[in-house]
file model-v2.txt (compact mmCIF, C-alpha atoms)
# COMPACT_ATOMS: atom_id res chain seq x y z
CA MET A 22 -25.00 59.58 182.52
CA VAL A 23 -28.28 60.45 184.25
CA ASN A 24 -29.58 61.92 181.02
CA GLY A 25 -28.70 58.74 179.20
CA ILE A 26 -30.65 56.65 181.72
CA VAL A 27 -33.69 58.92 181.62
CA PHE A 28 -33.89 59.48 177.85
CA TYR A 29 -32.47 56.16 176.58
CA GLY A 30 -32.98 53.59 179.32
CA ILE A 31 -36.63 54.19 180.07
CA PRO A 32 -37.75 54.19 176.40
CA GLY A 33 -35.66 51.05 175.86
CA LEU A 34 -37.29 49.32 178.84
CA LEU A 35 -40.70 50.43 177.58
CA ALA A 36 -40.02 48.91 174.15
CA ILE A 37 -38.87 45.65 175.77
CA MET A 38 -42.00 45.57 177.97
CA GLY A 39 -44.13 46.08 174.85
CA LEU A 40 -42.42 43.11 173.20
CA VAL A 41 -43.01 41.03 176.35
CA ILE A 42 -46.73 41.86 176.29
CA LEU A 43 -46.86 41.13 172.56
CA LEU A 44 -45.21 37.72 172.80
CA GLN A 45 -46.38 36.37 176.17
CA ARG A 46 -50.12 37.09 176.11
CA GLU A 47 -52.73 35.24 174.09
CA ASN A 48 -55.51 37.79 173.87
CA LEU A 49 -55.38 39.56 170.52
CA ILE A 50 -56.39 42.97 171.90
CA LYS A 51 -53.71 42.64 174.59
CA MET A 52 -51.19 41.89 171.86
CA LEU A 53 -52.18 45.03 169.95
CA ILE A 54 -51.85 47.07 173.17
CA GLY A 55 -48.34 45.64 173.54
CA LEU A 56 -47.54 46.65 169.97
CA SER A 57 -48.66 50.22 170.74
CA VAL A 58 -46.52 50.32 173.89
CA MET A 59 -43.49 49.12 171.94
CA GLU A 60 -44.10 51.74 169.27
CA THR A 61 -44.24 54.49 171.91
CA GLY A 62 -40.93 53.30 173.36
CA VAL A 63 -39.15 53.25 170.01
CA ASN A 64 -40.50 56.69 169.06
CA LEU A 65 -39.34 58.14 172.38
CA PHE A 66 -35.90 56.68 171.78
CA ILE A 67 -35.63 58.22 168.29
CA VAL A 68 -36.56 61.70 169.56
CA GLY A 69 -34.30 61.20 172.58
CA THR A 70 -31.14 61.53 170.50
CA ASN A 71 -31.67 65.31 170.43
CA ASP A 72 -29.26 67.76 171.99
CA VAL A 73 -31.76 68.80 174.64
CA LEU A 74 -29.26 70.11 177.18
CA LYS A 75 -28.39 73.13 175.02
CA GLY A 76 -30.76 73.27 172.07
CA THR A 77 -34.32 74.50 171.89
CA ALA A 78 -37.25 73.38 169.76
CA PRO A 79 -36.62 73.86 166.01
CA ILE A 80 -38.82 76.93 165.61
CA ILE A 81 -36.88 79.91 164.28
CA GLU A 82 -37.15 82.79 166.75
CA GLU A 83 -35.12 85.86 167.68
CA GLY A 84 -32.58 85.29 170.41
CA PHE A 85 -32.05 81.55 170.04
CA ARG A 86 -28.93 80.19 168.40
CA ILE A 87 -28.80 76.44 169.02
CA TYR A 88 -31.69 74.31 167.82
CA CYS A 89 -32.53 70.63 168.07
CA ASP A 90 -32.37 68.32 165.08
CA PRO A 91 -35.71 68.60 163.21
CA ILE A 92 -35.37 65.42 161.13
CA PRO A 93 -36.06 62.75 163.84
CA GLN A 94 -39.06 64.78 164.95
CA ALA A 95 -40.49 64.80 161.43
CA LEU A 96 -39.93 61.05 161.12
CA VAL A 97 -41.64 60.35 164.46
CA LEU A 98 -44.56 62.62 163.53
CA THR A 99 -45.10 60.38 160.51
CA ALA A 100 -44.67 57.17 162.50
CA ILE A 101 -47.28 58.08 165.15
CA VAL A 102 -50.01 58.78 162.59
CA ILE A 103 -49.22 55.60 160.64
CA GLY A 104 -49.26 53.65 163.92
CA VAL A 105 -52.82 54.58 164.82
CA ALA A 106 -54.01 53.68 161.31
CA THR A 107 -52.43 50.22 161.40
CA THR A 108 -53.77 49.64 164.92
CA ALA A 109 -57.27 50.46 163.70
CA LEU A 110 -56.89 48.00 160.82
CA GLY A 111 -55.73 45.30 163.25
CA LEU A 112 -58.69 45.96 165.54
CA ALA A 113 -61.08 45.64 162.60
CA LEU A 114 -59.53 42.23 161.86
CA VAL A 115 -59.99 41.30 165.55
CA ILE A 116 -63.69 42.18 165.36
CA ARG A 117 -64.04 40.00 162.26
CA ILE A 118 -62.26 37.08 163.97
CA TYR A 119 -64.53 37.43 167.00
CA GLU A 120 -67.60 37.31 164.79
CA LYS A 121 -66.35 34.21 162.97
CA LYS A 122 -64.80 32.21 165.83
CA GLY A 123 -66.51 33.54 168.94
CA GLY A 124 -63.29 34.36 170.75
CA ILE A 125 -60.29 36.64 170.57
CA SER A 126 -57.56 34.35 171.83
CA ILE A 127 -54.89 33.11 169.44
CA LYS A 128 -55.86 29.61 170.53
CA ASP A 129 -59.14 30.10 168.68
CA ILE A 130 -57.39 30.47 165.33
CA LYS A 131 -56.51 26.93 164.32
CA GLU A 132 -56.31 27.27 160.55
CA MET A 133 -52.95 28.96 160.51
CA LYS A 134 -51.33 26.24 162.59
CA TRP A 135 -48.83 23.91 160.99
CA MET B 8 -42.59 25.69 174.46
CA LYS B 9 -43.95 28.70 172.59
CA LYS B 10 -43.43 30.85 175.68
CA ILE B 11 -39.80 29.75 175.87
CA PHE B 12 -39.23 30.69 172.23
CA GLY B 13 -40.84 34.05 172.94
CA LEU B 14 -38.58 34.53 175.93
CA ILE B 15 -35.49 33.78 173.84
CA ILE B 16 -36.58 36.34 171.23
CA ILE B 17 -37.17 38.92 173.97
CA VAL B 18 -33.74 38.35 175.49
CA LEU B 19 -32.04 38.66 172.09
CA PHE B 20 -33.99 41.83 171.31
CA ALA B 21 -33.15 43.32 174.70
CA TYR B 22 -29.46 42.52 174.25
CA VAL B 23 -29.25 44.09 170.79
CA PHE B 24 -31.33 47.11 171.74
CA LEU B 25 -29.52 47.89 174.98
CA SER B 26 -26.06 47.37 173.51
CA PHE B 27 -27.05 49.74 170.71
CA LEU B 28 -28.16 52.28 173.30
CA LEU B 29 -24.72 52.24 174.88
CA VAL B 30 -23.07 53.14 171.58
CA VAL B 31 -25.27 56.06 170.50
CA PRO B 32 -24.06 59.17 172.30
CA PHE B 33 -26.53 61.35 174.13
CA GLY B 34 -26.96 64.94 173.00
CA ARG B 35 -26.15 64.54 169.33
CA LYS B 36 -25.66 67.82 167.46
CA PRO B 37 -27.69 68.32 164.27
CA GLY B 38 -25.90 66.84 161.25
CA HIS B 39 -24.98 68.56 157.98
CA VAL B 40 -28.42 68.17 156.43
CA ALA B 41 -30.22 69.43 159.53
CA ASN B 42 -27.87 72.39 159.80
CA TYR B 43 -28.55 73.25 156.17
CA TYR B 44 -32.30 73.11 156.82
CA LEU B 45 -32.00 75.26 159.94
CA ASP B 46 -29.72 77.88 158.40
CA THR B 47 -31.50 78.44 155.10
CA GLU B 48 -35.05 78.23 156.46
CA PRO B 49 -36.03 81.97 156.71
CA GLU B 50 -34.90 83.04 153.25
CA LYS B 51 -35.49 79.81 151.33
CA LEU B 52 -38.90 78.65 152.54
CA GLY B 53 -40.04 81.38 154.92
CA GLY B 54 -41.64 79.20 157.59
CA LYS B 55 -40.85 79.49 161.27
CA ASN B 56 -41.38 75.84 162.15
CA VAL B 57 -38.60 73.78 160.57
CA VAL B 58 -40.32 70.45 161.29
CA THR B 59 -43.21 71.57 159.10
CA SER B 60 -40.94 72.37 156.18
CA VAL B 61 -39.14 69.04 156.54
CA VAL B 62 -42.48 67.23 156.54
CA LEU B 63 -44.07 69.19 153.70
CA ILE B 64 -41.32 70.34 151.34
CA TYR B 65 -38.11 68.35 151.81
CA ARG B 66 -39.96 65.08 152.40
CA GLY B 67 -43.24 65.97 150.75
CA LEU B 68 -43.40 62.77 148.73
CA ASP B 69 -43.07 60.79 151.96
CA THR B 70 -46.02 62.69 153.43
CA LEU B 71 -48.07 61.97 150.32
CA GLY B 72 -47.32 58.28 150.83
CA GLU B 73 -48.31 58.57 154.48
CA VAL B 74 -51.65 60.12 153.55
CA THR B 75 -52.13 57.25 151.09
CA VAL B 76 -51.43 54.68 153.83
CA LEU B 77 -53.98 56.41 156.06
CA PHE B 78 -56.53 56.33 153.25
CA LEU B 79 -55.89 52.62 152.63
CA ALA B 80 -56.22 51.81 156.33
CA ALA B 81 -59.54 53.68 156.59
CA LEU B 82 -60.73 51.92 153.43
CA GLY B 83 -59.71 48.54 154.85
CA VAL B 84 -61.51 49.16 158.15
CA SER B 85 -64.71 50.19 156.43
CA ALA B 86 -64.47 47.26 153.99
CA LEU B 87 -63.98 44.80 156.86
CA LEU B 88 -66.69 46.17 159.09
CA THR B 89 -69.55 47.15 156.79
CA GLY B 90 -72.30 44.61 156.39
CA MET B 91 -71.71 42.97 159.76
CA LYS B 92 -74.83 41.98 161.59
CA ARG B 93 -75.26 44.03 164.73
CA ASP B 94 -76.66 42.74 167.94
CA ARG B 95 -79.46 45.03 168.96
CA LYS B 96 -78.41 46.10 172.38
CA LYS B 97 -80.41 48.58 174.35
CA ILE B 98 -79.46 52.02 173.11
CA ARG B 99 -79.59 54.64 175.78
CA LYS B 100 -80.39 58.16 174.72
CA PRO B 101 -77.85 60.75 175.83
CA SER B 102 -79.07 62.99 178.61
CA LEU B 103 -80.17 66.53 177.94
CA ILE B 104 -77.21 68.12 179.69
CA VAL B 105 -74.66 66.12 177.70
CA SER B 106 -76.27 66.78 174.35
CA ALA B 107 -76.85 70.48 175.04
CA GLY B 108 -73.26 70.90 176.22
CA THR B 109 -71.93 69.07 173.21
CA ARG B 110 -73.92 71.29 170.89
CA TYR B 111 -71.97 74.31 172.14
CA LEU B 112 -68.63 72.52 172.52
CA PHE B 113 -68.59 70.94 169.06
CA PRO B 114 -67.99 74.11 166.97
CA MET B 115 -65.31 75.28 169.40
CA ILE B 116 -63.35 72.04 169.09
CA VAL B 117 -63.62 72.23 165.29
CA LEU B 118 -62.40 75.83 165.43
CA PHE B 119 -59.45 74.83 167.61
CA GLY B 120 -58.48 72.06 165.19
CA SER B 121 -58.68 74.50 162.29
CA TYR B 122 -56.48 76.93 164.19
CA ILE B 123 -53.90 74.20 164.70
CA PHE B 124 -53.66 73.29 161.04
CA VAL B 125 -53.85 76.83 159.64
CA HIS B 126 -50.95 77.93 161.88
CA GLY B 127 -48.89 74.82 161.21
CA HIS B 128 -45.96 76.74 159.70
CA LEU B 129 -45.70 79.17 162.63
CA THR B 130 -46.48 77.23 165.81
CA PRO B 131 -46.22 73.58 166.87
CA GLY B 132 -48.94 71.49 165.36
CA GLY B 133 -50.01 71.14 161.79
CA GLY B 134 -52.32 69.13 159.61
CA PHE B 135 -52.12 65.77 161.35
CA PRO B 136 -52.87 66.84 164.96
CA GLY B 137 -55.37 69.44 163.76
CA GLY B 138 -57.24 66.82 161.77
CA VAL B 139 -57.25 64.43 164.71
CA VAL B 140 -58.63 67.18 166.99
CA ILE B 141 -61.48 67.66 164.50
CA ALA B 142 -62.05 63.89 164.52
CA THR B 143 -62.32 63.93 168.32
CA ALA B 144 -65.02 66.60 167.97
CA PHE B 145 -66.92 64.18 165.76
CA LEU B 146 -66.30 61.41 168.32
CA LEU B 147 -67.98 63.56 170.95
CA GLY B 148 -70.80 64.15 168.49
CA TYR B 149 -71.27 60.40 167.89
CA VAL B 150 -71.55 59.83 171.62
CA ALA B 151 -73.82 62.73 172.51
CA LEU B 152 -75.70 64.00 169.48
CA GLU B 153 -78.22 62.10 167.41
CA GLY B 154 -78.07 61.92 163.65
CA ILE B 155 -74.58 63.33 163.21
CA GLY B 156 -73.30 60.18 161.52
CA GLU B 157 -75.98 60.12 158.85
CA ASN B 158 -74.25 62.31 156.32
CA ILE B 159 -71.16 60.10 156.14
CA LYS B 160 -71.20 60.59 152.37
CA MET B 161 -70.13 64.23 152.84
CA PHE B 162 -67.03 62.98 154.67
CA HIS B 163 -66.03 60.85 151.71
CA ILE B 164 -66.59 63.71 149.26
CA THR B 165 -64.51 66.14 151.38
CA GLU B 166 -61.76 63.57 151.83
CA GLY B 167 -61.51 62.79 148.14
CA THR B 168 -61.53 66.46 147.17
CA ALA B 169 -58.80 67.34 149.67
CA GLY B 170 -56.58 64.48 148.49
CA LEU B 171 -57.09 65.47 144.86
CA LEU B 172 -56.23 69.11 145.60
CA TYR B 173 -53.06 67.97 147.39
CA VAL B 174 -51.88 66.09 144.31
CA ILE B 175 -52.91 68.99 142.03
CA THR B 176 -50.81 71.39 144.13
CA GLY B 177 -47.87 69.04 143.70
CA ILE B 178 -48.36 68.89 139.93
CA LEU B 179 -48.61 72.69 139.77
CA GLY B 180 -45.19 72.64 141.39
CA ILE B 181 -43.91 70.64 138.40
CA ALA B 182 -45.50 73.05 135.96
CA LEU B 183 -44.46 76.33 137.60
CA ALA B 184 -41.28 75.60 139.56
CA GLY B 185 -39.76 72.46 138.14
CA THR B 186 -40.23 69.61 140.64
CA PHE B 187 -43.09 67.85 142.36
CA LEU B 188 -44.38 69.67 145.49
CA GLU B 189 -41.99 72.58 144.92
CA ASN B 190 -42.95 75.98 146.29
CA PHE B 191 -44.39 78.30 143.62
CA LEU B 192 -46.16 80.95 145.71
CA PRO B 193 -44.49 84.14 147.05
CA LEU B 194 -42.97 83.78 150.52
CA GLY B 195 -44.56 86.84 152.13
CA ARG B 196 -43.55 88.50 155.38
CA PHE B 197 -41.68 86.19 157.75
CA GLY B 198 -43.89 85.14 160.64
CA SER B 199 -47.34 86.11 159.35
CA VAL B 200 -50.15 83.69 158.56
CA PHE B 201 -50.09 84.29 154.81
CA SER B 202 -46.46 83.39 154.33
CA ALA B 203 -44.22 80.43 153.59
CA GLY B 204 -45.60 79.76 150.12
CA ILE B 205 -47.55 76.54 149.68
CA MET B 206 -47.02 75.17 153.20
CA PRO B 207 -50.24 76.50 154.81
CA VAL B 208 -52.22 75.50 151.71
CA LEU B 209 -50.93 71.94 151.85
CA TYR B 210 -51.54 71.70 155.59
CA VAL B 211 -55.15 72.88 155.17
CA PHE B 212 -55.70 70.06 152.65
CA ILE B 213 -53.98 67.51 154.91
CA GLY B 214 -55.96 68.69 157.93
CA LEU B 215 -59.29 68.36 156.12
CA LYS B 216 -58.32 64.96 154.74
CA VAL B 217 -57.06 63.53 158.02
CA GLY B 218 -60.03 64.93 159.97
CA THR B 219 -62.69 63.48 157.71
CA GLU B 220 -60.77 60.23 157.33
CA MET B 221 -60.41 59.66 161.06
CA ALA B 222 -64.05 60.65 161.63
CA GLY B 223 -65.10 58.10 159.00
CA LEU B 224 -62.84 55.48 160.60
CA LEU B 225 -64.43 56.10 164.00
CA HIS B 226 -67.86 55.88 162.38
CA SER B 227 -67.14 52.46 160.93
CA MET B 228 -65.51 51.22 164.18
CA LYS B 229 -68.60 52.37 166.10
CA GLY B 230 -70.83 50.26 163.90
CA GLY B 231 -73.41 52.41 162.23
CA GLU B 232 -75.94 52.98 164.92
CA HIS B 233 -76.21 55.62 167.55
CA GLY B 234 -74.19 55.38 170.75
CA MET C 17 -32.66 73.61 177.65
CA ILE C 18 -33.69 71.58 180.70
CA SER C 19 -32.88 72.02 184.35
CA SER C 20 -32.11 69.24 186.82
CA LEU C 21 -35.49 69.58 188.54
CA ILE C 22 -37.26 68.93 185.24
CA LEU C 23 -34.92 65.97 184.70
CA LEU C 24 -35.92 64.55 188.11
CA ILE C 25 -39.64 64.94 187.37
CA THR C 26 -39.14 63.31 183.98
CA ALA C 27 -37.35 60.37 185.58
CA ILE C 28 -40.22 59.87 188.04
CA LEU C 29 -42.77 60.01 185.19
CA GLY C 30 -40.70 57.51 183.21
CA LEU C 31 -40.62 55.06 186.11
CA PHE C 32 -44.38 55.50 186.36
CA MET C 33 -44.62 54.60 182.65
CA ILE C 34 -42.65 51.37 183.23
CA PHE C 35 -44.91 50.57 186.20
CA VAL C 36 -48.03 51.06 184.06
CA SER C 37 -46.60 48.73 181.41
CA PHE C 38 -46.14 46.02 184.08
CA PHE C 39 -49.73 46.65 185.16
CA ILE C 40 -50.90 46.13 181.56
CA PHE C 41 -48.98 42.86 181.47
CA PHE C 42 -50.62 41.46 184.59
CA THR C 43 -54.20 42.72 184.47
CA LYS C 44 -57.08 40.58 183.20
CA ASP C 45 -59.44 43.45 182.56
CA LEU C 46 -59.01 44.78 179.03
CA LEU C 47 -60.61 48.13 179.86
CA GLN C 48 -57.96 48.72 182.54
CA ALA C 49 -55.25 47.75 180.07
CA ILE C 50 -56.58 50.26 177.52
CA LEU C 51 -56.66 53.02 180.12
CA GLY C 52 -53.07 52.10 181.00
CA LEU C 53 -52.15 52.56 177.34
CA THR C 54 -53.79 56.01 177.48
CA LEU C 55 -51.70 56.90 180.53
CA ILE C 56 -48.54 55.84 178.73
CA GLY C 57 -49.51 58.06 175.80
CA LEU C 58 -50.08 61.05 178.09
CA VAL C 59 -46.76 60.63 179.88
CA ALA C 60 -45.02 60.14 176.54
CA SER C 61 -46.41 63.47 175.39
CA VAL C 62 -44.84 65.14 178.45
CA TYR C 63 -41.60 63.37 177.55
CA TYR C 64 -41.70 64.79 174.03
CA LEU C 65 -42.23 68.25 175.47
CA VAL C 66 -39.13 67.85 177.66
CA LEU C 67 -37.21 66.56 174.64
CA GLN C 68 -37.94 69.86 172.80
CA ALA C 69 -40.30 68.32 170.26
CA PRO C 70 -43.59 70.25 170.63
CA ASP C 71 -44.94 69.09 167.27
CA VAL C 72 -44.61 65.45 168.25
CA ALA C 73 -46.01 66.23 171.72
CA ILE C 74 -49.22 67.73 170.39
CA THR C 75 -49.63 64.85 167.94
CA GLU C 76 -49.06 62.22 170.61
CA ALA C 77 -51.46 63.96 173.01
CA SER C 78 -54.28 64.03 170.47
CA ILE C 79 -53.67 60.59 168.95
CA GLY C 80 -52.22 58.50 171.76
CA ALA C 81 -54.53 59.81 174.43
CA GLY C 82 -57.64 60.51 172.36
CA LEU C 83 -58.15 58.49 169.24
CA THR C 84 -56.43 55.23 170.21
CA THR C 85 -58.52 54.93 173.36
CA ALA C 86 -61.69 55.49 171.37
CA ILE C 87 -61.00 52.80 168.78
CA PHE C 88 -59.89 50.25 171.42
CA ILE C 89 -63.02 50.90 173.51
CA TYR C 90 -65.27 50.59 170.47
CA THR C 91 -63.60 47.22 169.83
CA ILE C 92 -64.05 45.81 173.33
CA ARG C 93 -67.65 46.98 173.28
CA ARG C 94 -68.15 44.48 170.48
CA THR C 95 -65.94 41.65 171.69
CA GLY C 96 -66.21 41.63 175.48
CA ARG C 97 -64.27 43.16 178.31
CA MET C 98 -62.49 40.33 180.10
CA SER C 99 -59.62 38.24 178.79
CA LYS C 100 -59.61 34.71 180.07
call {"tool": "encode", "arguments": {"input": "model-v2.txt", "output": "structure tokens"}}
result
Amino acid sequence: MVNGIVFYGIPGLLAIMGLVILLQRENLIKMLIGLSVMETGVNLFIVGTNDVLKGTAPIIEEGFRIYCDPIPQALVLTAIVIGVATTALGLALVIRIYEKKGGISIKDIKEMKW
Amino acid sequence: MKKIFGLIIIVLFAYVFLSFLLVVPFGRKPGHVANYYLDTEPEKLGGKNVVTSVVLIYRGLDTLGEVTVLFLAALGVSALLTGMKRDRKKIRKPSLIVSAGTRYLFPMIVLFGSYIFVHGHLTPGGGFPGGVVIATAFLLGYVALEGIGENIKMFHITEGTAGLLYVITGILGIALAGTFLENFLPLGRFGSVFSAGIMPVLYVFIGLKVGTEMAGLLHSMKGGEHG
Amino acid sequence: MISSLILLITAILGLFMIFVSFFIFFTKDLLQAILGLTLIGLVASVYYLVLQAPDVAITEASIGAGLTTAIFIYTIRRTGRMSK
């Protein structure tokens, strides 16, 4: 029960807080920060399904019998690197918007309104 | 109004996410596929780190796609940010202590990053973190050394060569072993550096590619000039 | 293999992570928000280490705490530090 709260509840709360920051703030950089926080929460949750009470890290070594599942770790390794690349692309778009509009609030972008 | 819509979306997301969390049991044992990977690792692929062999061999095509996404993101950043007019702020020169310290620290950080990606099949780490460590060395260099960002062309040449060699290694797998990115080198002694077939070779290419790519990305985010 | 003391420390670090995310929500200073994101990345790397994923931990420590901070700070150097 305690393990569930620590390794599922806190990443879940972190993901929800990231979504709150993403949807309730109007500054574009703040929104990207919220997206990064949400990504961290979801990645922690995916790795958290491991059998950490008995298993060890999936590196083959003498004297260890039970290992953790290597597949979620490989997936999360991919997701982290992709995340920083997409964040950098978003920040480049933010710099362009600032140069064109003079502000980085979503209220400054009127063309996409309908 | 918009805030209320956002709040509704957040509540729905929280409900779905938390109710999903209650269903997934904690402490899941590895499934059939993971058990197969873990059991056959020493004699089939010869690497100690199973995560590395999942990333590079079993899901090698996925990693190739990931490297492509990284390349496209770096290309997009440099396409969006080149040719912007820069406001000429006052550029402070780095102090002597910082630049002298960086001059000695820089090769050590690059060496550490190389260690991480060369030993990716034995210890935790691998091409992606090793490349990023090398990129942080270049970040330190942009802040504290003058003229390090001038030969940005070399970065592009190294990056393109590493990516090309990655794909060529995969095609050699088709020619010599049957499928794309299949191992065709001898496995060697279990646990030594020159073992595990093509895994260290691929991780060296990925490390060089990611390092130069991230350094180029930081260069274009920084905006050309010194500082 | 984790002991109950490590579980307690992890729980405290996790609560700290939630606290930092609230701080990011309420602060007006973007530089402080970015440093909060760095703190979350660091604590997440400790979390990965407890969860027996050293590969992910070393990646998160170098990317989440190093590179992300750098690109965000380069951005606010161009666009301004305060959010209205």
call {"tool": "residues_around", "arguments": {"input": "model-v2.txt", "residues": "segment 69-86 of chain C", "least_positions_apart": "4", "cutoff": "9 Å", "atoms": "all atoms listed in the file", "output": "ChimeraX atom specification"}}
result
/A:61,68,77-79,89,91,94-95,97-98,101-102,105,108-109 /B:58-59,130-133,135-137,139-140,142-143,146,221,225 /C:50-51,53-65,90-91
call {"tool": "atom_distance", "arguments": {"input": "model-v2.txt", "atom1": "atom CA of Lys229 of chain B", "atom2": "atom CA of Ile87 of chain C"}}
result
8.1 Å
call {"tool": "residues_around", "arguments": {"input": "model-v2.txt", "residues": "Lys44 of chain C", "least_positions_apart": "6", "cutoff": "10 Å", "atoms": "only C-alpha atoms", "output": "number ranges by chain"}}
result
A: 48, 51; C: 97-100
call {"tool": "interface_residues", "arguments": {"input": "model-v2.txt", "of": "chain B", "to": "chain A", "cutoff": "8 Å", "atoms": "all atoms listed in the file", "output": "PyMOL selection string"}}
result
chain B and resi 10+13-14+17+20-21+24-25+28+32-38+41+45+49+55-59+61-62+70+73+76-77+80-81+83-84+87-88+129-130+135+228
call {"tool": "atom_distance", "arguments": {"input": "model-v2.txt", "atom1": "atom CA of Phe39 of chain C", "atom2": "atom CA of Gly124 of chain A"}}
result
23.3 Å
call {"tool": "closest_residue", "arguments": {"input": "model-v2.txt", "among": "A:Ile130, A:Leu35, A:Ile125, A:Val23", "to": "Arg94 of chain C", "atoms": "all atoms listed in the file"}}
result
A:Ile125
call {"tool": "atom_distance", "arguments": {"input": "model-v2.txt", "atom1": "atom CA of Glu220 of chain B", "atom2": "atom CA of Asn158 of chain B"}}
result
13.7 Å
call {"tool": "closest_residue", "arguments": {"input": "model-v2.txt", "among": "B:Phe27, B:Tyr149, B:Phe201, B:Phe191", "to": "chain C", "atoms": "all atoms listed in the file"}}
result
B:Tyr149
call {"tool": "build_atoms", "arguments": {"input": "model-v2.txt", "residues": "segment 109-123 of chain B", "atoms": "N, CA, C and O atoms", "output": "PDB file, in the frame of the given file"}}
result
ATOM      1  N   THR B 109     -72.680  69.430 174.409  1.00  0.00           N
ATOM      2  CA  THR B 109     -71.930  69.070 173.210  1.00  0.00           C
ATOM      3  C   THR B 109     -72.257  69.991 172.056  1.00  0.00           C
ATOM      4  O   THR B 109     -71.391  70.331 171.253  1.00  0.00           O
ATOM      5  N   ARG B 110     -73.520  70.427 171.990  1.00  0.00           N
ATOM      6  CA  ARG B 110     -73.920  71.290 170.890  1.00  0.00           C
ATOM      7  C   ARG B 110     -73.136  72.608 170.903  1.00  0.00           C
ATOM      8  O   ARG B 110     -72.865  73.177 169.860  1.00  0.00           O
ATOM      9  N   TYR B 111     -72.782  73.085 172.101  1.00  0.00           N
ATOM     10  CA  TYR B 111     -71.970  74.310 172.140  1.00  0.00           C
ATOM     11  C   TYR B 111     -70.484  74.017 172.043  1.00  0.00           C
ATOM     12  O   TYR B 111     -69.716  74.852 171.585  1.00  0.00           O
ATOM     13  N   LEU B 112     -70.061  72.830 172.519  1.00  0.00           N
ATOM     14  CA  LEU B 112     -68.630  72.520 172.520  1.00  0.00           C
ATOM     15  C   LEU B 112     -68.127  72.127 171.141  1.00  0.00           C
ATOM     16  O   LEU B 112     -66.973  72.396 170.798  1.00  0.00           O
ATOM     17  N   PHE B 113     -68.996  71.507 170.356  1.00  0.00           N
ATOM     18  CA  PHE B 113     -68.590  70.940 169.060  1.00  0.00           C
ATOM     19  C   PHE B 113     -67.974  71.984 168.129  1.00  0.00           C
ATOM     20  O   PHE B 113     -66.854  71.773 167.636  1.00  0.00           O
ATOM     21  N   PRO B 114     -68.634  73.149 167.877  1.00  0.00           N
ATOM     22  CA  PRO B 114     -67.990  74.110 166.970  1.00  0.00           C
ATOM     23  C   PRO B 114     -66.693  74.675 167.513  1.00  0.00           C
ATOM     24  O   PRO B 114     -65.777  74.975 166.735  1.00  0.00           O
ATOM     25  N   MET B 115     -66.569  74.754 168.849  1.00  0.00           N
ATOM     26  CA  MET B 115     -65.310  75.280 169.400  1.00  0.00           C
ATOM     27  C   MET B 115     -64.167  74.311 169.169  1.00  0.00           C
ATOM     28  O   MET B 115     -63.048  74.739 168.849  1.00  0.00           O
ATOM     29  N   ILE B 116     -64.432  73.006 169.319  1.00  0.00           N
ATOM     30  CA  ILE B 116     -63.350  72.040 169.090  1.00  0.00           C
ATOM     31  C   ILE B 116     -62.947  72.057 167.616  1.00  0.00           C
ATOM     32  O   ILE B 116     -61.755  72.006 167.283  1.00  0.00           O
ATOM     33  N   VAL B 117     -63.940  72.173 166.721  1.00  0.00           N
ATOM     34  CA  VAL B 117     -63.620  72.230 165.290  1.00  0.00           C
ATOM     35  C   VAL B 117     -62.802  73.474 164.982  1.00  0.00           C
ATOM     36  O   VAL B 117     -61.828  73.442 164.213  1.00  0.00           O
ATOM     37  N   LEU B 118     -63.145  74.594 165.642  1.00  0.00           N
ATOM     38  CA  LEU B 118     -62.400  75.830 165.430  1.00  0.00           C
ATOM     39  C   LEU B 118     -60.964  75.695 165.918  1.00  0.00           C
ATOM     40  O   LEU B 118     -60.020  76.141 165.247  1.00  0.00           O
ATOM     41  N   PHE B 119     -60.800  75.033 167.064  1.00  0.00           N
ATOM     42  CA  PHE B 119     -59.450  74.830 167.610  1.00  0.00           C
ATOM     43  C   PHE B 119     -58.609  73.973 166.667  1.00  0.00           C
ATOM     44  O   PHE B 119     -57.442  74.284 166.396  1.00  0.00           O
ATOM     45  N   GLY B 120     -59.208  72.900 166.147  1.00  0.00           N
ATOM     46  CA  GLY B 120     -58.480  72.060 165.190  1.00  0.00           C
ATOM     47  C   GLY B 120     -58.090  72.837 163.959  1.00  0.00           C
ATOM     48  O   GLY B 120     -56.969  72.720 163.463  1.00  0.00           O
ATOM     49  N   SER B 121     -59.010  73.689 163.467  1.00  0.00           N
ATOM     50  CA  SER B 121     -58.680  74.500 162.290  1.00  0.00           C
ATOM     51  C   SER B 121     -57.563  75.469 162.587  1.00  0.00           C
ATOM     52  O   SER B 121     -56.687  75.692 161.748  1.00  0.00           O
ATOM     53  N   TYR B 122     -57.581  76.037 163.797  1.00  0.00           N
ATOM     54  CA  TYR B 122     -56.480  76.930 164.190  1.00  0.00           C
ATOM     55  C   TYR B 122     -55.163  76.194 164.143  1.00  0.00           C
ATOM     56  O   TYR B 122     -54.162  76.717 163.632  1.00  0.00           O
ATOM     57  N   ILE B 123     -55.161  74.953 164.669  1.00  0.00           N
ATOM     58  CA  ILE B 123     -53.900  74.200 164.700  1.00  0.00           C
ATOM     59  C   ILE B 123     -53.385  73.974 163.294  1.00  0.00           C
ATOM     60  O   ILE B 123     -52.197  74.157 163.015  1.00  0.00           O
TER      61      ILE B 123
END
